[in-house]
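Engineer: For reference, the file coords11.cif (mmCIF, C-alpha atoms and all ligand atoms) is included below:
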```cif
data_query
#
loop_
_atom_site.group_PDB
_atom_site.id
_atom_site.type_symbol
_atom_site.label_atom_id
_atom_site.label_comp_id
_atom_site.auth_asym_id
_atom_site.auth_seq_id
_atom_site.Cartn_x
_atom_site.Cartn_y
_atom_site.Cartn_z
ATOM 1 C CA MET A 1 89.585 97.463 114.541
ATOM 2 C CA LYS A 2 92.451 96.966 112.043
ATOM 3 C CA PRO A 3 94.428 93.793 112.913
ATOM 4 C CA LEU A 4 97.905 94.393 114.315
ATOM 5 C CA SER A 5 101.027 93.257 112.477
ATOM 6 C CA GLY A 6 102.771 90.159 113.865
ATOM 7 C CA ALA A 7 105.391 92.388 115.414
ATOM 8 C CA LEU A 8 102.947 94.728 117.120
ATOM 9 C CA ALA A 9 100.646 91.937 118.213
ATOM 10 C CA ILE A 10 103.429 90.430 120.272
ATOM 11 C CA SER A 11 105.338 93.556 121.307
ATOM 12 C CA ARG A 12 102.802 96.286 122.063
ATOM 13 C CA ARG A 13 102.436 95.130 125.662
ATOM 14 C CA PHE A 14 106.045 96.196 126.215
ATOM 15 C CA LEU A 15 105.760 99.565 124.513
ATOM 16 C CA GLU A 16 105.142 102.577 126.734
ATOM 17 C CA PRO A 17 105.285 106.340 126.144
ATOM 18 C CA VAL A 18 108.929 107.447 125.860
ATOM 19 C CA SER A 19 110.998 110.513 125.008
ATOM 20 C CA LEU A 20 113.275 109.093 122.331
ATOM 21 C CA ALA A 21 112.713 105.956 120.250
ATOM 22 C CA ILE A 22 114.191 104.244 117.207
ATOM 23 C CA ASP A 23 112.318 102.069 114.718
ATOM 24 C CA ALA A 24 115.353 100.185 113.412
ATOM 25 C CA THR A 25 113.531 98.547 110.460
ATOM 26 C CA CYS A 26 110.655 100.761 109.370
ATOM 27 C CA GLY A 27 109.562 98.821 106.244
ATOM 28 C CA ASN A 28 106.104 99.982 105.177
ATOM 29 C CA GLY A 29 105.829 102.301 108.167
ATOM 30 C CA HIS A 30 103.100 100.448 110.074
ATOM 31 C CA ASP A 31 105.207 100.105 113.204
ATOM 32 C CA THR A 32 106.604 103.633 112.751
ATOM 33 C CA LYS A 33 103.097 105.057 112.759
ATOM 34 C CA TYR A 34 102.260 103.197 115.963
ATOM 35 C CA LEU A 35 105.528 104.146 117.670
ATOM 36 C CA ALA A 36 105.019 107.797 116.674
ATOM 37 C CA GLN A 37 102.055 107.879 119.066
ATOM 38 C CA LEU A 38 104.296 106.772 121.937
ATOM 39 C CA ALA A 39 107.493 108.767 121.365
ATOM 40 C CA ASP A 40 108.217 112.488 121.651
ATOM 41 C CA ARG A 41 110.975 111.955 119.079
ATOM 42 C CA LEU A 42 111.305 108.988 116.731
ATOM 43 C CA TYR A 43 114.026 108.005 114.262
ATOM 44 C CA ALA A 44 113.048 105.389 111.665
ATOM 45 C CA PHE A 45 115.689 103.518 109.633
ATOM 46 C CA ASP A 46 115.559 101.264 106.588
ATOM 47 C CA ILE A 47 117.979 100.432 103.788
ATOM 48 C CA GLN A 48 115.331 99.967 101.053
ATOM 49 C CA PRO A 49 114.263 103.019 99.030
ATOM 50 C CA GLN A 50 110.735 101.601 98.705
ATOM 51 C CA ALA A 51 110.469 101.198 102.468
ATOM 52 C CA ILE A 52 111.634 104.762 103.044
ATOM 53 C CA GLU A 53 109.122 106.070 100.524
ATOM 54 C CA ASN A 54 106.268 104.113 102.129
ATOM 55 C CA THR A 55 107.219 105.159 105.651
ATOM 56 C CA ARG A 56 107.623 108.828 104.673
ATOM 57 C CA ALA A 57 104.118 108.689 103.178
ATOM 58 C CA ALA A 58 102.748 107.072 106.358
ATOM 59 C CA VAL A 59 104.165 109.729 108.706
ATOM 60 C CA ALA A 60 104.440 112.740 106.385
ATOM 61 C CA HIS A 61 102.354 114.905 108.699
ATOM 62 C CA LEU A 62 104.424 114.135 111.811
ATOM 63 C CA GLU A 63 107.270 116.557 112.514
ATOM 64 C CA HIS A 64 108.675 114.563 115.420
ATOM 65 C CA VAL A 65 109.508 111.589 113.172
ATOM 66 C CA GLN A 66 112.713 111.478 111.130
ATOM 67 C CA VAL A 67 112.844 108.795 108.418
ATOM 68 C CA ILE A 68 116.405 107.871 107.440
ATOM 69 C CA GLN A 69 117.574 105.744 104.528
ATOM 70 C CA ASP A 70 120.525 104.035 106.159
ATOM 71 C CA SER A 71 121.340 100.870 108.049
ATOM 72 C CA PHE A 72 120.495 100.733 111.732
ATOM 73 C CA VAL A 73 124.159 99.803 112.125
ATOM 74 C CA ASN A 74 124.922 103.533 111.633
ATOM 75 C CA PHE A 75 122.434 104.797 114.216
ATOM 76 C CA ARG A 76 125.164 106.650 116.151
ATOM 77 C CA GLN A 77 125.656 109.023 113.208
ATOM 78 C CA TYR A 78 122.121 110.319 113.844
ATOM 79 C CA VAL A 79 121.386 109.809 117.548
ATOM 80 C CA SER A 80 123.829 110.651 120.310
ATOM 81 C CA GLU A 81 121.452 110.975 123.286
ATOM 82 C CA PRO A 82 120.290 108.171 125.603
ATOM 83 C CA ILE A 83 117.599 106.096 123.896
ATOM 84 C CA ASP A 84 114.461 104.876 125.688
ATOM 85 C CA LEU A 85 113.185 102.364 123.145
ATOM 86 C CA ILE A 86 114.554 100.579 120.075
ATOM 87 C CA VAL A 87 112.263 98.290 118.056
ATOM 88 C CA PHE A 88 113.439 95.744 115.492
ATOM 89 C CA ASN A 89 110.884 93.986 113.313
ATOM 90 C CA LEU A 90 113.338 91.529 111.776
ATOM 91 C CA GLY A 91 113.275 89.693 108.459
ATOM 92 C CA TYR A 92 112.129 90.908 105.055
ATOM 93 C CA LEU A 93 109.469 93.319 103.933
ATOM 94 C CA PRO A 94 106.242 91.465 103.029
ATOM 95 C CA GLY A 95 105.433 91.920 99.338
ATOM 96 C CA SER A 96 108.966 93.078 98.551
ATOM 97 C CA ASP A 97 112.398 91.659 97.604
ATOM 98 C CA LYS A 98 113.000 88.774 100.037
ATOM 99 C CA GLN A 99 116.742 89.009 99.348
ATOM 100 C CA ILE A 100 116.818 92.218 101.386
ATOM 101 C CA MET A 101 116.460 91.093 104.950
ATOM 102 C CA THR A 102 118.033 91.759 108.309
ATOM 103 C CA GLN A 103 121.292 89.890 108.988
ATOM 104 C CA VAL A 104 122.806 88.345 112.095
ATOM 105 C CA ASP A 105 126.116 90.030 111.177
ATOM 106 C CA ASP A 106 124.480 93.476 111.424
ATOM 107 C CA LEU A 107 122.882 92.636 114.758
ATOM 108 C CA THR A 108 126.251 91.397 116.006
ATOM 109 C CA LEU A 109 127.856 94.686 114.981
ATOM 110 C CA VAL A 110 125.319 96.946 116.622
ATOM 111 C CA LEU A 111 123.701 95.302 119.630
ATOM 112 C CA GLN A 112 126.394 96.159 122.183
ATOM 113 C CA ASP A 113 126.510 99.822 121.065
ATOM 114 C CA MET A 114 122.736 100.075 121.298
ATOM 115 C CA MET A 115 122.705 98.512 124.757
ATOM 116 C CA GLU A 116 125.324 101.016 125.922
ATOM 117 C CA GLN A 117 123.227 103.923 124.665
ATOM 118 C CA LEU A 118 120.012 102.869 126.425
ATOM 119 C CA SER A 119 118.686 105.177 129.130
ATOM 120 C CA PRO A 120 117.997 103.658 132.587
ATOM 121 C CA HIS A 121 115.064 101.245 132.064
ATOM 122 C CA GLY A 122 115.510 101.702 128.285
ATOM 123 C CA ARG A 123 114.451 98.727 126.167
ATOM 124 C CA ILE A 124 115.374 97.003 122.924
ATOM 125 C CA VAL A 125 112.456 94.959 121.576
ATOM 126 C CA MET A 126 113.228 92.527 118.751
ATOM 127 C CA VAL A 127 110.664 90.431 116.896
ATOM 128 C CA ALA A 128 112.093 87.463 114.963
ATOM 129 C CA TYR A 129 110.361 85.111 112.505
ATOM 130 C CA PRO A 130 111.887 81.611 112.742
ATOM 131 C CA GLY A 131 109.719 80.241 109.894
ATOM 132 C CA HIS A 132 112.474 80.854 107.329
ATOM 133 C CA PRO A 133 116.140 79.797 107.700
ATOM 134 C CA GLU A 134 117.580 83.304 108.120
ATOM 135 C CA GLY A 135 114.874 84.154 110.646
ATOM 136 C CA LYS A 136 115.646 80.981 112.581
ATOM 137 C CA ALA A 137 119.345 81.931 112.594
ATOM 138 C CA GLU A 138 118.436 85.378 113.983
ATOM 139 C CA ALA A 139 116.184 83.896 116.660
ATOM 140 C CA ASP A 140 118.878 81.373 117.683
ATOM 141 C CA TRP A 141 121.545 84.089 117.802
ATOM 142 C CA LEU A 142 119.319 86.370 119.881
ATOM 143 C CA HIS A 143 118.431 83.538 122.250
ATOM 144 C CA HIS A 144 122.071 82.724 122.883
ATOM 145 C CA THR A 145 123.280 86.333 123.038
ATOM 146 C CA LEU A 146 120.538 87.605 125.317
ATOM 147 C CA SER A 147 120.937 84.623 127.637
ATOM 148 C CA THR A 148 124.501 85.701 128.348
ATOM 149 C CA VAL A 149 124.198 89.490 128.915
ATOM 150 C CA ASP A 150 125.429 90.755 132.290
ATOM 151 C CA PRO A 151 122.444 90.488 134.688
ATOM 152 C CA THR A 152 123.811 93.268 136.892
ATOM 153 C CA GLU A 153 123.403 95.685 133.943
ATOM 154 C CA PHE A 154 120.485 94.291 131.917
ATOM 155 C CA HIS A 155 117.452 92.030 132.143
ATOM 156 C CA SER A 156 116.679 89.984 129.042
ATOM 157 C CA PHE A 157 113.441 88.210 128.138
ATOM 158 C CA PHE A 158 111.924 85.873 125.562
ATOM 159 C CA LEU A 159 108.246 85.461 124.629
ATOM 160 C CA GLN A 160 106.850 82.896 122.195
ATOM 161 C CA HIS A 161 103.370 82.778 120.704
ATOM 162 C CA ILE A 162 102.821 79.066 121.366
ATOM 163 C CA ASN A 163 99.401 78.602 119.738
ATOM 164 C CA GLY A 164 100.203 80.641 116.627
ATOM 165 C CA ILE A 165 100.205 79.129 113.142
ATOM 166 C CA ASN A 166 103.059 78.972 110.572
ATOM 167 C CA SER A 167 106.048 79.487 112.897
ATOM 168 C CA PRO A 168 104.774 82.695 114.477
ATOM 169 C CA ALA A 169 106.801 85.591 115.783
ATOM 170 C CA GLN A 170 109.123 85.374 118.765
ATOM 171 C CA LEU A 171 109.889 88.372 120.915
ATOM 172 C CA TYR A 172 113.212 89.151 122.559
ATOM 173 C CA MET A 173 113.680 92.098 124.881
ATOM 174 C CA ILE A 174 116.607 93.657 126.718
ATOM 175 C CA GLU A 175 115.955 96.199 129.455
ATOM 176 C CA ARG A 176 118.637 98.262 131.125
ATOM 177 C CA ASN A 177 118.625 98.250 134.914
ATOM 178 C CA ALA A 178 118.264 101.585 136.697
ATOM 179 C CA ARG A 179 121.633 103.122 137.595
HETATM 180 C C1 LIG B 201 109.886 92.860 108.608
HETATM 181 S S1 LIG B 201 110.361 94.271 107.671
HETATM 182 C C2 LIG B 201 109.877 95.621 108.713
HETATM 183 C C3 LIG B 201 108.394 95.879 108.725
HETATM 184 C C4 LIG B 201 108.042 97.246 109.270
HETATM 185 N N1 LIG B 201 108.417 97.413 110.641
HETATM 186 C C5 LIG B 201 106.595 97.620 109.034
HETATM 187 O O1 LIG B 201 105.899 98.027 109.971
HETATM 188 O O2 LIG B 201 106.163 97.519 107.874
HETATM 189 C C6 LIG B 201 112.135 94.305 107.851
HETATM 190 C C7 LIG B 201 112.791 95.517 107.208
HETATM 191 O O3 LIG B 201 114.163 95.559 107.617
HETATM 192 C C8 LIG B 201 114.861 96.246 106.620
HETATM 193 N N2 LIG B 201 116.302 96.066 106.829
HETATM 194 C C9 LIG B 201 117.088 94.997 106.571
HETATM 195 N N3 LIG B 201 118.352 95.220 106.969
HETATM 196 C C10 LIG B 201 118.375 96.471 107.493
HETATM 197 C C11 LIG B 201 119.390 97.282 108.075
HETATM 198 N N4 LIG B 201 120.640 96.834 108.210
HETATM 199 N N5 LIG B 201 119.062 98.524 108.512
HETATM 200 C C12 LIG B 201 117.770 98.976 108.397
HETATM 201 N N6 LIG B 201 116.779 98.261 107.847
HETATM 202 C C13 LIG B 201 117.070 97.021 107.419
HETATM 203 C C14 LIG B 201 114.297 95.670 105.332
HETATM 204 O O4 LIG B 201 114.544 96.521 104.241
HETATM 205 C C15 LIG B 201 112.794 95.550 105.687
HETATM 206 O O5 LIG B 201 112.084 96.657 105.218
#
```
Take the structure in the file and write it out as structure tokens.
Ligand SMILES: C[S@@+](CC[C@H](N)C(=O)[O-])C[C@H]1O[C@@H](n2cnc3c(N)ncnc32)[C@H](O)[C@@H]1O
Structural biologist:
Amino acid sequence: MKPLSGALAISRRFLEPVSLAIDATCGNGHDTKYLAQLADRLYAFDIQPQAIENTRAAVAHLEHVQVIQDSFVNFRQYVSEPIDLIVFNLGYLPGSDKQIMTQVDDLTLVLQDMMEQLSPHGRIVMVAYPGHPEGKAEADWLHHTLSTVDPTEFHSFFLQHINGINSPAQLYMIERNAR
């Protein structure tokens, strides 16, 4: 069996079949391809032309997947319905320009809007890589922010791969309570 990416290895246990999902950072399309098996409709975002090209090639045959070259910050321009699942594989694209990486400022801008648009029991799954300074800043920000969300509206969780090597991935998840 092909080994899973760091993000999927830690997050797939929390991924279930859903109606509408977003891959917020599609990169080379590995996660998009996996999520396409779980979602009736999937929107995949990335800001890098190379990432969009690679993801389009990975899911070219799948009509229920829309690949969009834009920041996840603008997701509301494309998706207005309640969202069941949003996945962020944070950081930079392996084998690509490491200057282009996810930013805490963008997460700060968008997280509240995404939480508001979750369906009942909808989830946001975020995988952070604290092995580089920007990844550590993202993980710290997520830890603080998710610790303080209103528990009457959302549950938030943290999972760390404690026997992994080279500062392995950390998973953060927010789940909307039923209403
Ligand atoms: C760790 S990689 C994603 C890997 C991908 N999920 C895969 O399966 O190959 C992170 C990606 O986030 C993208 N990115 C950074 N900032 C972004 C933003 N504001 N909106 C969308 N994508 C962004 C980068 O271009 C990069 O491709």
Engineer: Select, from A:Gln170, A:Asn177, A:Asn74, A:Gln37, the residue with the minimum atom-to-atom distance to Thr152 (chain A), counting all atoms listed in the file.
Structural biologist: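 Checking each candidate against Thr152 (chain A), we get A:Asn177 as the closest.
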Engineer: Name the residues in contact with Val73 (chain A) at a cut-off of 8 Å, using only C-alpha atoms, excluding same-chain residues fewer than 4 positions from it; report them as a compact mmCIF listing (two decimals) with C-alpha atoms, in the coordinates of the input.
Structural biologist:
```
# COMPACT_ATOMS: atom_id res chain seq x y z
CA ASP A 106 124.48 93.48 111.42
CA LEU A 107 122.88 92.64 114.76
CA LEU A 109 127.86 94.69 114.98
CA VAL A 110 125.32 96.95 116.62
```
Engineer: Counting all atoms listed in the file, figure out which residue out of A:Gln66, A:Ser80, A:Ser11, A:Asn28 gets nearest to Tyr43 (chain A).
Structural biologist: A:Gln66
Engineer: Using only C-alpha atoms, which protein or nucleic acid residues come within 10 Å of Phe158 (chain A)? Drop anything in the same chain fewer than 4 positions from it, and give the result as a list of chain:residue names.
Structural biologist: A:Val125, A:Met126, A:Val127, A:Leu142, A:His143, A:Leu146, A:Ser147, A:Gln170, A:Leu171, A:Tyr172, A:Met173, A:Ile174
Engineer: To one decimal place in Å, what is the distance between CA of Tyr129 (chain A) and atom C1 of ligand LIG 201 (chain B)?
Structural biologist: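 These two atoms are separated by 8.7 Å.
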Engineer: Enumerate, in order of chain and increasing residue number, the residues of chain A with an atom no farther than 8 Å from ligand LIG 201 (chain B), each with its shortest atom pair and distance in Å to one decimal, counting all atoms listed in the file, as a tab-separated table.
Structural biologist:
```
residue	atom	partner	partner_atom	distance
A:Ser5	CA	B:LIG201	O1	7.3
A:Ala7	CA	B:LIG201	N1	7.6
A:Asp23	CA	B:LIG201	N1	7.3
A:Ala24	CA	B:LIG201	C12	5.7
A:Thr25	CA	B:LIG201	O3	4.2
A:Cys26	CA	B:LIG201	N1	4.2
A:Gly27	CA	B:LIG201	O5	3.5
A:Asn28	CA	B:LIG201	O2	3.7
A:Gly29	CA	B:LIG201	O1	4.6
A:His30	CA	B:LIG201	O1	3.7
A:Asp31	CA	B:LIG201	O1	3.9
A:Thr32	CA	B:LIG201	O1	6.3
A:Phe45	CA	B:LIG201	C12	5.1
A:Asp46	CA	B:LIG201	N6	3.5
A:Ile47	CA	B:LIG201	N6	4.8
A:Gln48	CA	B:LIG201	O4	4.8
A:Ala51	CA	B:LIG201	O5	5.5
A:Gln69	CA	B:LIG201	C12	7.8
A:Asp70	CA	B:LIG201	N5	6.2
A:Ser71	CA	B:LIG201	N5	3.3
A:Phe72	CA	B:LIG201	N5	4.2
A:Val73	CA	B:LIG201	N4	6.0
A:Phe88	CA	B:LIG201	N1	7.2
A:Asn89	CA	B:LIG201	C1	4.9
A:Leu90	CA	B:LIG201	C1	4.9
A:Gly91	CA	B:LIG201	C1	4.6
A:Tyr92	CA	B:LIG201	C6	4.4
A:Leu93	CA	B:LIG201	S1	4.0
A:Pro94	CA	B:LIG201	C1	6.8
A:Ile100	CA	B:LIG201	O4	5.6
A:Met101	CA	B:LIG201	C9	4.3
A:Thr102	CA	B:LIG201	N3	3.7
A:Gln103	CA	B:LIG201	N3	6.4
A:Asp106	CA	B:LIG201	N4	6.0
```
Engineer: Can you tell me, as an mmCIF file with C-alpha atoms, in the coordinates of the input, what residues are no more than 10 Å from Val65 (chain A) when counting only C-alpha atoms, ignoring any on the same chain fewer than 3 positions away?
Structural biologist:
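Dumped to around-v4.cif:
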```cif
data_model
loop_
_atom_site.group_PDB
_atom_site.id
_atom_site.type_symbol
_atom_site.label_atom_id
_atom_site.label_comp_id
_atom_site.auth_asym_id
_atom_site.auth_seq_id
_atom_site.Cartn_x
_atom_site.Cartn_y
_atom_site.Cartn_z
ATOM 1 C CA ALA A 21 112.713 105.956 120.250
ATOM 2 C CA ILE A 22 114.191 104.244 117.207
ATOM 3 C CA THR A 32 106.604 103.633 112.751
ATOM 4 C CA LYS A 33 103.097 105.057 112.759
ATOM 5 C CA LEU A 35 105.528 104.146 117.670
ATOM 6 C CA ALA A 36 105.019 107.797 116.674
ATOM 7 C CA ALA A 39 107.493 108.767 121.365
ATOM 8 C CA ASP A 40 108.217 112.488 121.651
ATOM 9 C CA ARG A 41 110.975 111.955 119.079
ATOM 10 C CA LEU A 42 111.305 108.988 116.731
ATOM 11 C CA TYR A 43 114.026 108.005 114.262
ATOM 12 C CA ALA A 44 113.048 105.389 111.665
ATOM 13 C CA ARG A 56 107.623 108.828 104.673
ATOM 14 C CA VAL A 59 104.165 109.729 108.706
ATOM 15 C CA ALA A 60 104.440 112.740 106.385
ATOM 16 C CA HIS A 61 102.354 114.905 108.699
ATOM 17 C CA LEU A 62 104.424 114.135 111.811
ATOM 18 C CA ILE A 68 116.405 107.871 107.440
#
```
Engineer: Which residues would end up in the selection if the PyMOL selection byres (((chain A and resi 130) around 9) and not hetatm) were applied here, given that I need the answer as an NGL selection string?
Structural biologist: :A and (128-129 or 131-140 or 167-170)
Engineer: If I wrap all listed atoms of region 131-145 of chain A in a box with edges along x, y and z and add 6 Å on each side, what are its centre and edge lengths in Å to one decimal, as JSON?
Structural biologist:
```
{"center_x": 116.5, "center_y": 83.1, "center_z": 115.2, "size_x": 25.6, "size_y": 18.6, "size_z": 27.7}
```
Engineer: Just checking: using only C-alpha atoms, which residue out of A:Ile86, A:Val67, A:Ala58, A:Leu8 ends up closest to Leu20 (chain A)?
Structural biologist: A:Ile86
Engineer: With distances taken over only C-alpha atoms, which residue among A:His161, A:Gln117, A:Ile10, A:Gly122 lies nearest Ala178 (chain A)?
Structural biologist: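 Using only C-alpha atoms, Ala178 (chain A) sits closest to A:Gly122.
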Engineer: If I put a ball of radius 8 Å at (116.1, 99.7, 130.0) in the file's coordinates, which residues poke into it when counting only C-alpha atoms, written as an NGL selection string?
Structural biologist: :A and (84-85 or 118-124 or 154 or 174-178)
Engineer: Between CA of Ala9 (chain A) and CA of Glu63 (chain A), what is the spacing in Å?
Structural biologist: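 Taking CA of Glu63 (chain A) and CA of Ala9 (chain A), their separation equals 26.1 Å.
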